[in-house]
Amino acid sequence: MKTPVIIVNFKTYSEATGKNALQMGKIIREVRDETDAEIIAVPQFSDIYQVASIGAPVFAQHIDAIVPGSHTGHVLPEAVREAGAIGALINHSERQLELPEIEAAINAARRAGLISVVCANDITKASAVAALKPDFVAVEPPELIGSGIPVSKANPEIVSGTVKAVWDVAPDVGVLCGAGISKGEDVRAALDLGTKGVLLASGVVKAADPKKALAQLVGGV
Ligand code: G3P
């Protein structure tokens, strides 16, 4: 995966579920091909295979730190890898884990050959998870998620503070930020603060014209 990266989380929005997930994946692939920007789709588990099959790079929204065997209802990292995912979000604000579970999930991602992006609500948590050496840490203040108020402009201190804190603990771990990002200028501000990209959802998935919204976001890279 190249950086800077724009990671588009489909969450469980109906606009990006089932047939609509496929459509959103096509938009991501098209904008990626047309602009050469790195853009990742994060559909629900049930849509990973179909979105990956059309050539869009895909992450899973979560993985469980389990091994093959008796774990009904869990998400096996190797299964999402085989379905076509190249990475996974871990500890998203809407799917939080305890620190030992985060560590186990990072190790499970590594075992399965998945890129790990661990989310954190604040600088302290970001620093704690960076010490576990995921590939990326994404800081997302929960109060700004879905707000349309971009973290990179409303709270630049949390972004630059996370970049510094992660650098102090694990200089090889890349920092991303998310929450309220919807414009190219929000992406530019995030990159100027030292991040390697952004994580976003509603700015694209809920946009009247998702392709136009994504192309506009890519303009900030
Ligand atoms: O995973 C990204 C997400 O939590 C941010 O959501 O809608 O504020 O872009 P949104």
# chains A, B, ... in the order shown; residues from 1 in each chain; ligands from 1

call {"tool": "closest_atom_pairs", "arguments": {"of": "segment 95-214 of chain A", "to": "segment 71-80 of chain A", "cutoff": "12 Å", "atoms": "only C-alpha atoms", "output": "Markdown table"}}
result
| residue | atom | partner | partner_atom | distance |
| --- | --- | --- | --- | --- |
| A:Ala104 | CA | A:Pro77 | CA | 11.4 |
| A:Ala105 | CA | A:Pro77 | CA | 8.6 |
| A:Ile106 | CA | A:Pro77 | CA | 10.2 |
| A:Asn107 | CA | A:Pro77 | CA | 10.2 |
| A:Ala108 | CA | A:Pro77 | CA | 6.6 |
| A:Ala109 | CA | A:Pro77 | CA | 6.2 |
| A:Arg110 | CA | A:Pro77 | CA | 9.2 |
| A:Arg111 | CA | A:Glu78 | CA | 8.3 |
| A:Ala112 | CA | A:Glu78 | CA | 5.2 |
| A:Gly113 | CA | A:Glu78 | CA | 8.1 |
| A:Leu114 | CA | A:Pro77 | CA | 7.7 |
| A:Ile115 | CA | A:Pro77 | CA | 10.8 |
| A:Ser116 | CA | A:Pro77 | CA | 10.9 |

call {"tool": "residues_around", "arguments": {"residues": "Ile54 of chain A", "least_positions_apart": "5", "cutoff": "8 Å", "atoms": "only C-alpha atoms", "output": "list in words"}}
result
Gly25, Lys26 and Arg29 of chain A

call {"tool": "write_last_selection", "arguments": {"atoms": "C-alpha atoms", "output": "mmCIF file, in the first residue's frame"}}
result
data_model
loop_
_atom_site.group_PDB
_atom_site.id
_atom_site.type_symbol
_atom_site.label_atom_id
_atom_site.label_comp_id
_atom_site.auth_asym_id
_atom_site.auth_seq_id
_atom_site.Cartn_x
_atom_site.Cartn_y
_atom_site.Cartn_z
ATOM 1 C CA GLY A 25 -15.946 -0.271 -4.746
ATOM 2 C CA LYS A 26 -16.185 0.496 -8.472
ATOM 3 C CA ARG A 29 -11.276 1.640 -8.284
#

call {"tool": "residues_around", "arguments": {"residues": "Val42 of chain A", "least_positions_apart": "3", "cutoff": "7 Å", "atoms": "only C-alpha atoms", "output": "PyMOL selection string"}}
result
chain A and resi 8-10+58-61

call {"tool": "write_last_selection", "arguments": {"atoms": "N, CA and C atoms", "output": "short mmCIF file (atom, residue, chain, number, x, y, z; two decimals), in the first residue's frame"}}
result
data_model
loop_
_atom_site.label_atom_id
_atom_site.label_comp_id
_atom_site.auth_asym_id
_atom_site.auth_seq_id
_atom_site.Cartn_x
_atom_site.Cartn_y
_atom_site.Cartn_z
N VAL A 8 -11.49 4.51 2.92
CA VAL A 8 -12.93 4.80 2.95
C VAL A 8 -13.67 3.66 3.66
N ASN A 9 -14.13 3.95 4.88
CA ASN A 9 -14.84 2.97 5.70
C ASN A 9 -16.32 2.96 5.31
N PHE A 10 -16.81 1.81 4.84
CA PHE A 10 -18.22 1.72 4.44
C PHE A 10 -19.14 1.60 5.65
N VAL A 58 -8.85 -3.72 -0.56
CA VAL A 58 -9.85 -3.84 0.51
C VAL A 58 -9.21 -4.12 1.87
N PHE A 59 -9.75 -3.47 2.89
CA PHE A 59 -9.44 -3.82 4.28
C PHE A 59 -10.71 -4.37 4.93
N ALA A 60 -10.53 -5.23 5.94
CA ALA A 60 -11.66 -5.65 6.78
C ALA A 60 -11.89 -4.60 7.87
N GLN A 61 -13.12 -4.55 8.38
CA GLN A 61 -13.44 -3.55 9.41
C GLN A 61 -12.97 -3.98 10.80
#

call {"tool": "residues_around", "arguments": {"residues": "Gly184 of chain A", "least_positions_apart": "4", "cutoff": "8 Å", "atoms": "only C-alpha atoms", "output": "list of chain:residue names"}}
result
A:Arg188, A:Gln216, A:Leu217, A:Val218, A:Gly219, A:Gly220, A:Val221

call {"tool": "residues_near_ligand", "arguments": {"ligand": "ligand 1", "cutoff": "6 Å", "atoms": "only C-alpha atoms and all ligand atoms", "output": "PyMOL selection string"}}
result
chain A and resi 9+145-147+178-181+199-203

call {"tool": "write_last_selection", "arguments": {"atoms": "N, CA and C atoms", "output": "JSON list (two decimals), in the first residue's frame"}}
result
[["chain", "number", "residue", "atom", "x", "y", "z"],
["A", 9, "ASN", "N", -14.13, 3.95, 4.88],
["A", 9, "ASN", "CA", -14.84, 2.97, 5.70],
["A", 9, "ASN", "C", -16.32, 2.96, 5.31],
["A", 145, "ILE", "N", -16.55, 12.14, 14.87],
["A", 145, "ILE", "CA", -16.92, 11.12, 13.87],
["A", 145, "ILE", "C", -18.34, 11.39, 13.36],
["A", 146, "GLY", "N", -18.48, 11.46, 12.05],
["A", 146, "GLY", "CA", -19.80, 11.67, 11.44],
["A", 146, "GLY", "C", -20.31, 13.09, 11.58],
["A", 147, "SER", "N", -19.47, 13.99, 12.10],
["A", 147, "SER", "CA", -19.93, 15.36, 12.39],
["A", 147, "SER", "C", -19.81, 16.29, 11.20],
["A", 178, "GLY", "N", -8.64, 10.60, 11.36],
["A", 178, "GLY", "CA", -9.98, 10.50, 10.80],
["A", 178, "GLY", "C", -10.98, 11.20, 11.68],
["A", 179, "ALA", "N", -12.16, 11.40, 11.13],
["A", 179, "ALA", "CA", -13.34, 12.04, 11.74],
["A", 179, "ALA", "C", -13.62, 13.37, 11.05],
["A", 180, "GLY", "N", -14.76, 13.39, 10.39],
["A", 180, "GLY", "CA", -15.25, 14.63, 9.78],
["A", 180, "GLY", "C", -14.52, 15.07, 8.52],
["A", 181, "ILE", "N", -13.64, 14.22, 8.00],
["A", 181, "ILE", "CA", -12.88, 14.59, 6.79],
["A", 181, "ILE", "C", -13.80, 14.46, 5.57],
["A", 199, "LEU", "N", -8.61, 8.50, 7.28],
["A", 199, "LEU", "CA", -9.63, 7.47, 7.38],
["A", 199, "LEU", "C", -10.95, 8.23, 7.40],
["A", 200, "LEU", "N", -11.88, 7.90, 6.53],
["A", 200, "LEU", "CA", -13.14, 8.65, 6.50],
["A", 200, "LEU", "C", -14.28, 7.74, 6.07],
["A", 201, "ALA", "N", -15.49, 8.23, 6.29],
["A", 201, "ALA", "CA", -16.67, 7.44, 5.91],
["A", 201, "ALA", "C", -17.74, 8.33, 5.28],
["A", 202, "SER", "N", -18.48, 9.07, 6.12],
["A", 202, "SER", "CA", -19.68, 9.76, 5.64],
["A", 202, "SER", "C", -19.42, 10.76, 4.52],
["A", 203, "GLY", "N", -18.24, 11.39, 4.51],
["A", 203, "GLY", "CA", -17.93, 12.39, 3.49],
["A", 203, "GLY", "C", -18.00, 11.83, 2.08]]

call {"tool": "residues_around", "arguments": {"residues": "Asn121 of chain A", "least_positions_apart": "3", "cutoff": "9 Å", "atoms": "only C-alpha atoms", "output": "PyMOL selection string"}}
result
chain A and resi 92-93+124-126+138-142

call {"tool": "write_last_selection", "arguments": {"atoms": "N, CA, C and O atoms", "output": "PDB file, in the first residue's frame"}}
result
ATOM      1  N   HIS A  92     -11.557  -0.014  15.956  1.00  0.00           N
ATOM      2  CA  HIS A  92     -12.292   1.184  15.536  1.00  0.00           C
ATOM      3  C   HIS A  92     -13.147   1.659  16.710  1.00  0.00           C
ATOM      4  O   HIS A  92     -13.597   0.861  17.528  1.00  0.00           O
ATOM      5  N   SER A  93     -13.387   2.934  16.751  1.00  0.00           N
ATOM      6  CA  SER A  93     -14.174   3.529  17.835  1.00  0.00           C
ATOM      7  C   SER A  93     -15.534   2.838  18.010  1.00  0.00           C
ATOM      8  O   SER A  93     -16.104   2.821  19.099  1.00  0.00           O
ATOM      9  N   THR A 124      -3.009   9.527  24.166  1.00  0.00           N
ATOM     10  CA  THR A 124      -2.511   8.534  25.128  1.00  0.00           C
ATOM     11  C   THR A 124      -2.714   7.122  24.603  1.00  0.00           C
ATOM     12  O   THR A 124      -1.805   6.274  24.641  1.00  0.00           O
ATOM     13  N   LYS A 125      -3.910   6.870  24.071  1.00  0.00           N
ATOM     14  CA  LYS A 125      -4.200   5.532  23.533  1.00  0.00           C
ATOM     15  C   LYS A 125      -3.351   5.273  22.281  1.00  0.00           C
ATOM     16  O   LYS A 125      -2.846   4.164  22.073  1.00  0.00           O
ATOM     17  N   ALA A 126      -3.170   6.327  21.479  1.00  0.00           N
ATOM     18  CA  ALA A 126      -2.367   6.176  20.258  1.00  0.00           C
ATOM     19  C   ALA A 126      -0.940   5.769  20.614  1.00  0.00           C
ATOM     20  O   ALA A 126      -0.347   4.890  19.985  1.00  0.00           O
ATOM     21  N   ALA A 138      -4.357   5.134  13.687  1.00  0.00           N
ATOM     22  CA  ALA A 138      -5.267   6.179  13.188  1.00  0.00           C
ATOM     23  C   ALA A 138      -5.956   6.846  14.371  1.00  0.00           C
ATOM     24  O   ALA A 138      -6.684   6.178  15.113  1.00  0.00           O
ATOM     25  N   VAL A 139      -5.720   8.127  14.560  1.00  0.00           N
ATOM     26  CA  VAL A 139      -6.366   8.828  15.676  1.00  0.00           C
ATOM     27  C   VAL A 139      -7.696   9.411  15.194  1.00  0.00           C
ATOM     28  O   VAL A 139      -7.760  10.063  14.150  1.00  0.00           O
ATOM     29  N   GLU A 140      -8.755   9.091  15.957  1.00  0.00           N
ATOM     30  CA  GLU A 140     -10.108   9.541  15.592  1.00  0.00           C
ATOM     31  C   GLU A 140     -10.853   9.983  16.855  1.00  0.00           C
ATOM     32  O   GLU A 140     -11.329   9.128  17.608  1.00  0.00           O
ATOM     33  N   PRO A 141     -10.958  11.291  17.111  1.00  0.00           N
ATOM     34  CA  PRO A 141     -11.744  11.727  18.268  1.00  0.00           C
ATOM     35  C   PRO A 141     -13.225  11.379  18.054  1.00  0.00           C
ATOM     36  O   PRO A 141     -13.819  11.821  17.068  1.00  0.00           O
ATOM     37  N   PRO A 142     -13.821  10.577  18.936  1.00  0.00           N
ATOM     38  CA  PRO A 142     -15.179  10.068  18.702  1.00  0.00           C
ATOM     39  C   PRO A 142     -16.213  11.173  18.504  1.00  0.00           C
ATOM     40  O   PRO A 142     -17.152  11.020  17.738  1.00  0.00           O
TER      41      PRO A 142
END

call {"tool": "atom_distance", "arguments": {"atom1": "atom CA of Ala215 of chain A", "atom2": "atom CA of Ile28 of chain A"}}
result
9.3 Å

call {"tool": "residues_around", "arguments": {"residues": "segment 210-213 of chain A", "least_positions_apart": "4", "cutoff": "8 Å", "atoms": "only C-alpha atoms", "output": "VMD selection string"}}
result
chain A and resid 24 27 to 28 31 182 to 183 203 to 206 217

call {"tool": "write_last_selection", "arguments": {"atoms": "C-alpha atoms", "output": "JSON list (two decimals), in the first residue's frame"}}
result
[["chain", "number", "residue", "atom", "x", "y", "z"],
["A", 24, "MET", "CA", -18.85, 2.10, -4.07],
["A", 27, "ILE", "CA", -16.06, 4.22, -7.74],
["A", 28, "ILE", "CA", -12.96, 3.71, -5.59],
["A", 31, "VAL", "CA", -10.87, 7.22, -9.00],
["A", 182, "SER", "CA", -14.82, 15.43, 3.64],
["A", 183, "LYS", "CA", -12.78, 17.86, 1.53],
["A", 203, "GLY", "CA", -17.93, 12.39, 3.49],
["A", 204, "VAL", "CA", -17.91, 9.88, 0.62],
["A", 205, "VAL", "CA", -20.46, 7.18, 1.47],
["A", 206, "LYS", "CA", -23.26, 9.63, 2.32],
["A", 217, "LEU", "CA", -10.73, 14.56, -1.58]]

call {"tool": "residues_around", "arguments": {"residues": "Asp172 of chain A", "least_positions_apart": "3", "cutoff": "10 Å", "atoms": "only C-alpha atoms", "output": "MDAnalysis selection string"}}
result
chainID A and resid 130 133:136 166:167 169 175

call {"tool": "write_last_selection", "arguments": {"atoms": "C-alpha atoms", "output": "PDB file, in the first residue's frame"}}
result
ATOM      1  CA  ALA A 130       1.999   2.346  18.777  1.00  0.00           C
ATOM      2  CA  LYS A 133       4.039  -1.976  16.520  1.00  0.00           C
ATOM      3  CA  PRO A 134       1.083  -2.086  14.149  1.00  0.00           C
ATOM      4  CA  ASP A 135       1.699  -0.782  10.624  1.00  0.00           C
ATOM      5  CA  PHE A 136      -0.411   2.334  11.249  1.00  0.00           C
ATOM      6  CA  VAL A 166       3.927   7.781  17.980  1.00  0.00           C
ATOM      7  CA  TRP A 167       7.289   8.945  16.634  1.00  0.00           C
ATOM      8  CA  VAL A 169       7.533   5.339  20.794  1.00  0.00           C
ATOM      9  CA  VAL A 175      -0.002   7.910  11.637  1.00  0.00           C
TER      10      VAL A 175
END

call {"tool": "select_by_dssp", "arguments": {"residues": "segment 158-207 of chain A", "states": "alpha helix (DSSP H)", "output": "ChimeraX atom specification"}}
result
/A:158-169,184-192,202-205

call {"tool": "atom_distance", "arguments": {"atom1": "atom CA of Val118 of chain A", "atom2": "atom CA of Val137 of chain A"}}
result
4.8 Å

call {"tool": "closest_residue", "arguments": {"among": "A:Arg32, A:His62, A:Arg81, A:Arg95", "to": "Leu214 of chain A", "atoms": "only C-alpha atoms"}}
result
A:Arg32

call {"tool": "select_by_dssp", "arguments": {"residues": "chain A", "states": "strand (DSSP E)", "output": "ChimeraX atom specification"}}
result
/A:5-9,38-42,58-60,85-90,115-120,136-139,174-178,197-200

call {"tool": "decode", "arguments": {"residues": "segment 66-93 of chain A", "atoms": "N, CA, C and O atoms", "output": "mmCIF file, in the first residue's frame"}}
result
data_model
loop_
_atom_site.group_PDB
_atom_site.id
_atom_site.type_symbol
_atom_site.label_atom_id
_atom_site.label_comp_id
_atom_site.auth_asym_id
_atom_site.auth_seq_id
_atom_site.Cartn_x
_atom_site.Cartn_y
_atom_site.Cartn_z
ATOM 1 N N ILE A 66 -7.958 -15.017 16.515
ATOM 2 C CA ILE A 66 -8.207 -16.452 16.683
ATOM 3 C C ILE A 66 -7.395 -17.223 15.645
ATOM 4 O O ILE A 66 -6.895 -16.640 14.687
ATOM 5 N N VAL A 67 -7.276 -18.525 15.883
ATOM 6 C CA VAL A 67 -6.642 -19.413 14.904
ATOM 7 C C VAL A 67 -7.750 -20.305 14.324
ATOM 8 O O VAL A 67 -8.834 -20.395 14.914
ATOM 9 N N PRO A 68 -7.503 -20.926 13.167
ATOM 10 C CA PRO A 68 -8.534 -21.801 12.599
ATOM 11 C C PRO A 68 -8.987 -22.848 13.617
ATOM 12 O O PRO A 68 -8.165 -23.399 14.353
ATOM 13 N N GLY A 69 -10.287 -23.105 13.671
ATOM 14 C CA GLY A 69 -10.783 -24.101 14.626
ATOM 15 C C GLY A 69 -12.184 -23.797 15.099
ATOM 16 O O GLY A 69 -13.020 -23.326 14.320
ATOM 17 N N SER A 70 -12.429 -24.002 16.380
ATOM 18 C CA SER A 70 -13.787 -23.893 16.935
ATOM 19 C C SER A 70 -14.051 -22.482 17.459
ATOM 20 O O SER A 70 -13.921 -22.224 18.661
ATOM 21 N N HIS A 71 -14.416 -21.572 16.572
ATOM 22 C CA HIS A 71 -14.648 -20.175 16.976
ATOM 23 C C HIS A 71 -15.831 -19.605 16.214
ATOM 24 O O HIS A 71 -15.712 -18.597 15.502
ATOM 25 N N THR A 72 -16.974 -20.245 16.330
ATOM 26 C CA THR A 72 -18.171 -19.835 15.589
ATOM 27 C C THR A 72 -18.482 -18.348 15.793
ATOM 28 O O THR A 72 -18.445 -17.854 16.924
ATOM 29 N N GLY A 73 -18.727 -17.663 14.700
ATOM 30 C CA GLY A 73 -19.135 -16.260 14.784
ATOM 31 C C GLY A 73 -17.980 -15.292 14.886
ATOM 32 O O GLY A 73 -18.197 -14.074 14.939
ATOM 33 N N HIS A 74 -16.750 -15.810 14.925
ATOM 34 C CA HIS A 74 -15.584 -14.926 14.974
ATOM 35 C C HIS A 74 -15.064 -14.654 13.562
ATOM 36 O O HIS A 74 -15.466 -15.315 12.604
ATOM 37 N N VAL A 75 -14.138 -13.697 13.473
ATOM 38 C CA VAL A 75 -13.586 -13.317 12.165
ATOM 39 C C VAL A 75 -12.118 -13.736 12.105
ATOM 40 O O VAL A 75 -11.262 -13.144 12.770
ATOM 41 N N LEU A 76 -11.876 -14.782 11.331
ATOM 42 C CA LEU A 76 -10.527 -15.332 11.204
ATOM 43 C C LEU A 76 -9.708 -14.462 10.236
ATOM 44 O O LEU A 76 -10.112 -14.265 9.088
ATOM 45 N N PRO A 77 -8.557 -13.937 10.660
ATOM 46 C CA PRO A 77 -7.758 -13.085 9.774
ATOM 47 C C PRO A 77 -7.433 -13.754 8.440
ATOM 48 O O PRO A 77 -7.509 -13.124 7.382
ATOM 49 N N GLU A 78 -7.094 -15.043 8.464
ATOM 50 C CA GLU A 78 -6.771 -15.738 7.212
ATOM 51 C C GLU A 78 -7.985 -15.789 6.278
ATOM 52 O O GLU A 78 -7.826 -15.822 5.049
ATOM 53 N N ALA A 79 -9.186 -15.807 6.850
ATOM 54 C CA ALA A 79 -10.393 -15.879 6.001
ATOM 55 C C ALA A 79 -10.603 -14.564 5.255
ATOM 56 O O ALA A 79 -10.948 -14.570 4.070
ATOM 57 N N VAL A 80 -10.390 -13.434 5.937
ATOM 58 C CA VAL A 80 -10.562 -12.160 5.226
ATOM 59 C C VAL A 80 -9.437 -11.964 4.209
ATOM 60 O O VAL A 80 -9.646 -11.404 3.136
ATOM 61 N N ARG A 81 -8.261 -12.487 4.546
ATOM 62 C CA ARG A 81 -7.140 -12.407 3.588
ATOM 63 C C ARG A 81 -7.498 -13.207 2.330
ATOM 64 O O ARG A 81 -7.319 -12.744 1.210
ATOM 65 N N GLU A 82 -8.030 -14.397 2.544
ATOM 66 C CA GLU A 82 -8.356 -15.245 1.393
ATOM 67 C C GLU A 82 -9.530 -14.675 0.591
ATOM 68 O O GLU A 82 -9.623 -14.872 -0.629
ATOM 69 N N ALA A 83 -10.399 -13.942 1.265
ATOM 70 C CA ALA A 83 -11.526 -13.300 0.552
ATOM 71 C C ALA A 83 -11.045 -12.113 -0.283
ATOM 72 O O ALA A 83 -11.793 -11.589 -1.098
ATOM 73 N N GLY A 84 -9.810 -11.667 -0.046
ATOM 74 C CA GLY A 84 -9.262 -10.596 -0.877
ATOM 75 C C GLY A 84 -8.801 -9.365 -0.126
ATOM 76 O O GLY A 84 -8.283 -8.430 -0.734
ATOM 77 N N ALA A 85 -8.986 -9.342 1.201
ATOM 78 C CA ALA A 85 -8.538 -8.166 1.957
ATOM 79 C C ALA A 85 -7.018 -8.152 2.064
ATOM 80 O O ALA A 85 -6.387 -9.210 2.144
ATOM 81 N N ILE A 86 -6.455 -6.943 2.054
ATOM 82 C CA ILE A 86 -5.004 -6.815 2.228
ATOM 83 C C ILE A 86 -4.655 -6.228 3.596
ATOM 84 O O ILE A 86 -3.488 -6.130 3.950
ATOM 85 N N GLY A 87 -5.682 -5.802 4.331
ATOM 86 C CA GLY A 87 -5.423 -5.226 5.646
ATOM 87 C C GLY A 87 -6.683 -5.243 6.489
ATOM 88 O O GLY A 87 -7.737 -5.719 6.041
ATOM 89 N N ALA A 88 -6.554 -4.702 7.714
ATOM 90 C CA ALA A 88 -7.718 -4.678 8.607
ATOM 91 C C ALA A 88 -7.635 -3.499 9.554
ATOM 92 O O ALA A 88 -6.542 -3.123 10.002
ATOM 93 N N LEU A 89 -8.803 -2.910 9.838
ATOM 94 C CA LEU A 89 -8.906 -1.969 10.951
ATOM 95 C C LEU A 89 -8.971 -2.792 12.226
ATOM 96 O O LEU A 89 -9.535 -3.896 12.232
ATOM 97 N N ILE A 90 -8.396 -2.269 13.277
ATOM 98 C CA ILE A 90 -8.441 -2.920 14.593
ATOM 99 C C ILE A 90 -8.797 -1.845 15.603
ATOM 100 O O ILE A 90 -8.235 -0.737 15.561
ATOM 101 N N ASN A 91 -9.755 -2.151 16.494
ATOM 102 C CA ASN A 91 -10.135 -1.210 17.557
ATOM 103 C C ASN A 91 -10.760 0.078 17.021
ATOM 104 O O ASN A 91 -10.528 1.161 17.565
ATOM 105 N N HIS A 92 -11.557 -0.014 15.956
ATOM 106 C CA HIS A 92 -12.292 1.184 15.536
ATOM 107 C C HIS A 92 -13.147 1.659 16.710
ATOM 108 O O HIS A 92 -13.597 0.861 17.528
ATOM 109 N N SER A 93 -13.387 2.934 16.751
ATOM 110 C CA SER A 93 -14.174 3.529 17.835
ATOM 111 C C SER A 93 -15.534 2.838 18.010
ATOM 112 O O SER A 93 -16.104 2.821 19.099
#
